[in-house]
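Enquirer: Below you will find the structure I want to go over with you.
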Amino acid sequence: MSKRNIIFILFILFGISGLFTYFQSLPSLLEKKPTLATGKILVRPMEIDQFELIDQNNAAFNNKSLEGGWTVVFFGYTNCPDVCPTTIYKLAEIKNVIKEKLPSTDFNTVLVTLDPDRDSAKRLDEYIGYFDETMLGVTGTYENIQSFTSSLSVFYQRINKEEGYDFNHTASIFIFDKNGLLFATMSPANTIGELTEDFYTILNNFQ
Amino acid sequence: MRSKSIKPLVLITLLSIFFGQKSFAELEVNNAWVRSAPPNSKVFSGYLRFKNVSANEITINKMKSNAFDQIEIHSSFIEDGISTMRKIDNLRISENSEMKLEPGGYHLMLMSPKKDIKEGNLVELIIYYEDEDRIKILRSDAVVLRNGYE
Ligand SMILES: [Cu+2]
C-alpha cells in the first residue's frame, strides 16, 4: 500500500468516528436546557423534603403551597435594611414585567425569614405589606425553618453585635416549578434587567 | 431695643446659611436618601454620593444625626454565595473621586430612630471627616423615600 493510500484510509476512519460521536451525543445536545446568565437550571428538577411553615396571614405554607404556579423563594429577615428591601423591590419589578409579558403565568414571590424570634407572622405582615402586598412572608419554628433551609442547602449564621444581631446567609433565590420541584437558582445581586431575562427564559421554555 | 433684637436674627441667618451648606470646598454630598420602612422598624438604610473634590484623600470617621441614636457605614457583599454585611470604621475616598453608597453595596445603617421616620421627611446627617489630619464637619440632609435616586 502506498503512503498516500494509508493517509486516505486514515482520513475516512477519522470521518466515520467523528460522525459516530456526533450522532451519539445528538440526543443530549437536543435535550440541552437554555442557560441562565444569573444562575443555573438544575439538570433535573429536585423534590424537597416536607416542610411546614406559616405565612403572614397565619395560613399554612408547605410543599403543597409550591404547587400550581411558579414560586420564587428567598431568605432574609426584616431587620435587614439594605439587601432585603432591595431584593423585594427587584422581585416586585420583575413580577410586574412577567405579568405584562406572560399574563397567564402564575408567578409568586416568597420571603422566608431566618429570624423567627423577631419576625412573627404579624411583623411580616407589617413589613411585607409595606413593600409589596402581593408577596408572601413566611416564618415558623426554629426547627421548621432549619429543616426547610437544610433541604435547600441554605447556610445562615447569626452574627451578634453590640446591640442586636444580623445574619450572614445564602444569597441565592430559589425558583420552584408548577409541580413544587426546585427548578433553578439565581443570584439576586444581578440587575433587574438580567434577572428578568432569565425568568423570561425559564417561563417561556418550560410553561 | 430694636437694634438689639435684630442681632440674634442676623446671627441665626448667618448660622443657618453656614449649616445649611451642603458642601465645603473639598467634600460634597449628593443624592442623599434614607429608605423608608414600615412602622416599628429599628433599622434603616441610607444612600448617597460622596465627592472628594480635593487633591487629598479624605477619611469619613463618624456620622451622627438628630433622628437616630447611631449611624454606621456598612458594606453589603456576597462572598462565596453568602450575603454578608460589615461595618466600615474609616471610609476612605481618594482625591478627586466619587464614592457611591447604593443599595446592595456600601450603605449607611441608621439605628434606633428617635422619632417616627416617614416618607418625605428630611433626616439630618452630620459627617465627621479627616482631611490633612484635621477633623472637619459637614452637615447634609437626606430625604426619606421608598425608592431613591436609582
Ligand atoms: Cu448595614
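For the C-alpha cells, the naming scheme is as follows: chains receive sequential letters (A, B, ...) according to their order of presentation, residues are indexed from 1 within each chain, and ligands are indexed from 1 in presentation order.
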Give me the residues within 6 Å of Asn61 in chain B as a list in words, counting only C-alpha atoms and dropping any in the same chain fewer than 4 places off.
Expert: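 Neighbouring residues, sequence-local ones excluded: Asn90, Tyr128 and Tyr129 of chain B.
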Enquirer: List every residue of chain B that has an atom at most 8 Å from any atom of chain A, and for each one report the closest atom pair and its distance in Å to one decimal, counting only C-alpha atoms, with rows sorted by chain and then by increasing residue number, as CSV.
Expert:
residue,atom,partner,partner_atom,distance
B:Ala37,CA,A:Tyr130,CA,7.4
B:Pro38,CA,A:Tyr127,CA,5.7
B:Pro39,CA,A:Glu126,CA,7.6
B:Ser41,CA,A:Asn79,CA,7.4
B:Lys42,CA,A:Asn79,CA,7.2
B:Val43,CA,A:Pro81,CA,6.2
B:Phe44,CA,A:Pro81,CA,5.3
B:Ser45,CA,A:Pro81,CA,5.3
B:Ser76,CA,A:Val83,CA,7.3
B:Ile78,CA,A:Ala171,CA,7.0
B:Gly81,CA,A:Ala171,CA,5.8
B:Ile82,CA,A:Thr170,CA,4.4
B:Ser83,CA,A:Ala171,CA,5.0
B:Thr84,CA,A:Asn168,CA,4.9
B:Met85,CA,A:Asn168,CA,7.3
B:Pro103,CA,A:Asp82,CA,6.0
B:Gly104,CA,A:Val83,CA,5.2
B:His107,CA,A:Asp82,CA,7.4
B:Met109,CA,A:Pro81,CA,7.7
Enquirer: If we count only C-alpha atoms and set the cut-off at 9 Å, which residues sit around Asn52 in chain B, ignoring sequence neighbours fewer than 4 positions away in its own chain? Please answer as a list in words.
Expert: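 Within the cut-off, the hits are Ala25, Glu26, Leu27, Glu28, Asn56, Glu57, Ile58, Ile93, Ser94, Glu95, Asn96, Ser97, Glu98 and Met99 of chain B.
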Enquirer: Find, counting only C-alpha atoms and all ligand atoms, the residue in A:Glu133, A:Lys161, A:Phe51, A:Asn205 that gets nearest to ligand 1.
Expert: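 Nearest candidate to ligand 1 out of A:Glu133, A:Lys161, A:Phe51, A:Asn205: A:Lys161.
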Enquirer: Within range 55-192 of chain A, find each residue whose DSSP state, derived from the backbone, is alpha helix (DSSP H), and express the selection as number ranges by chain.
Expert: A: 83-101, 121-131, 142-151, 192
Enquirer: Could you give me the residues within range 54-91 of chain A that DSSP places in strand (DSSP E or B), as a PyMOL selection string?
Expert: chain A and resi 54-55+60-62+67+70-76
Enquirer: Find the residues around Gly193 in chain A up to 12 Å (only C-alpha atoms counted), leave out those fewer than 3 positions away in its own chain, and share them as a ChimeraX atom specification.
Expert: /A:37-38,90-91,93-95,97-98,188-190,196-200
Enquirer: Find the residues around Leu53 in chain A up to 10 Å (only C-alpha atoms counted), leave out those fewer than 5 positions away in its own chain, and share them as a PyMOL selection string.
Expert: chain A and resi 58-63+112+138-141+144-145+148
Enquirer: Taking only C-alpha atoms into account, name the residue in A:Val72, A:Ile175, A:Leu114, A:Ala92 that is nearest to Arg158 in chain A.
Expert: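 Between A:Val72, A:Ile175, A:Leu114, A:Ala92, the residue approaching Arg158 in chain A most closely is A:Leu114.
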Enquirer: Between B:Arg139, B:Asn40, B:Thr59, B:Ile73, which has the minimum distance to ligand 1 (counting only C-alpha atoms and all ligand atoms)?
Expert: B:Ile73
Enquirer: With distances taken over only C-alpha atoms and all ligand atoms, which of B:Leu145, B:Leu48, B:Met111, B:Ile117 is nearest to ligand 1?
Expert: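 Answer, going by the shortest atom-to-atom distance: B:Met111.
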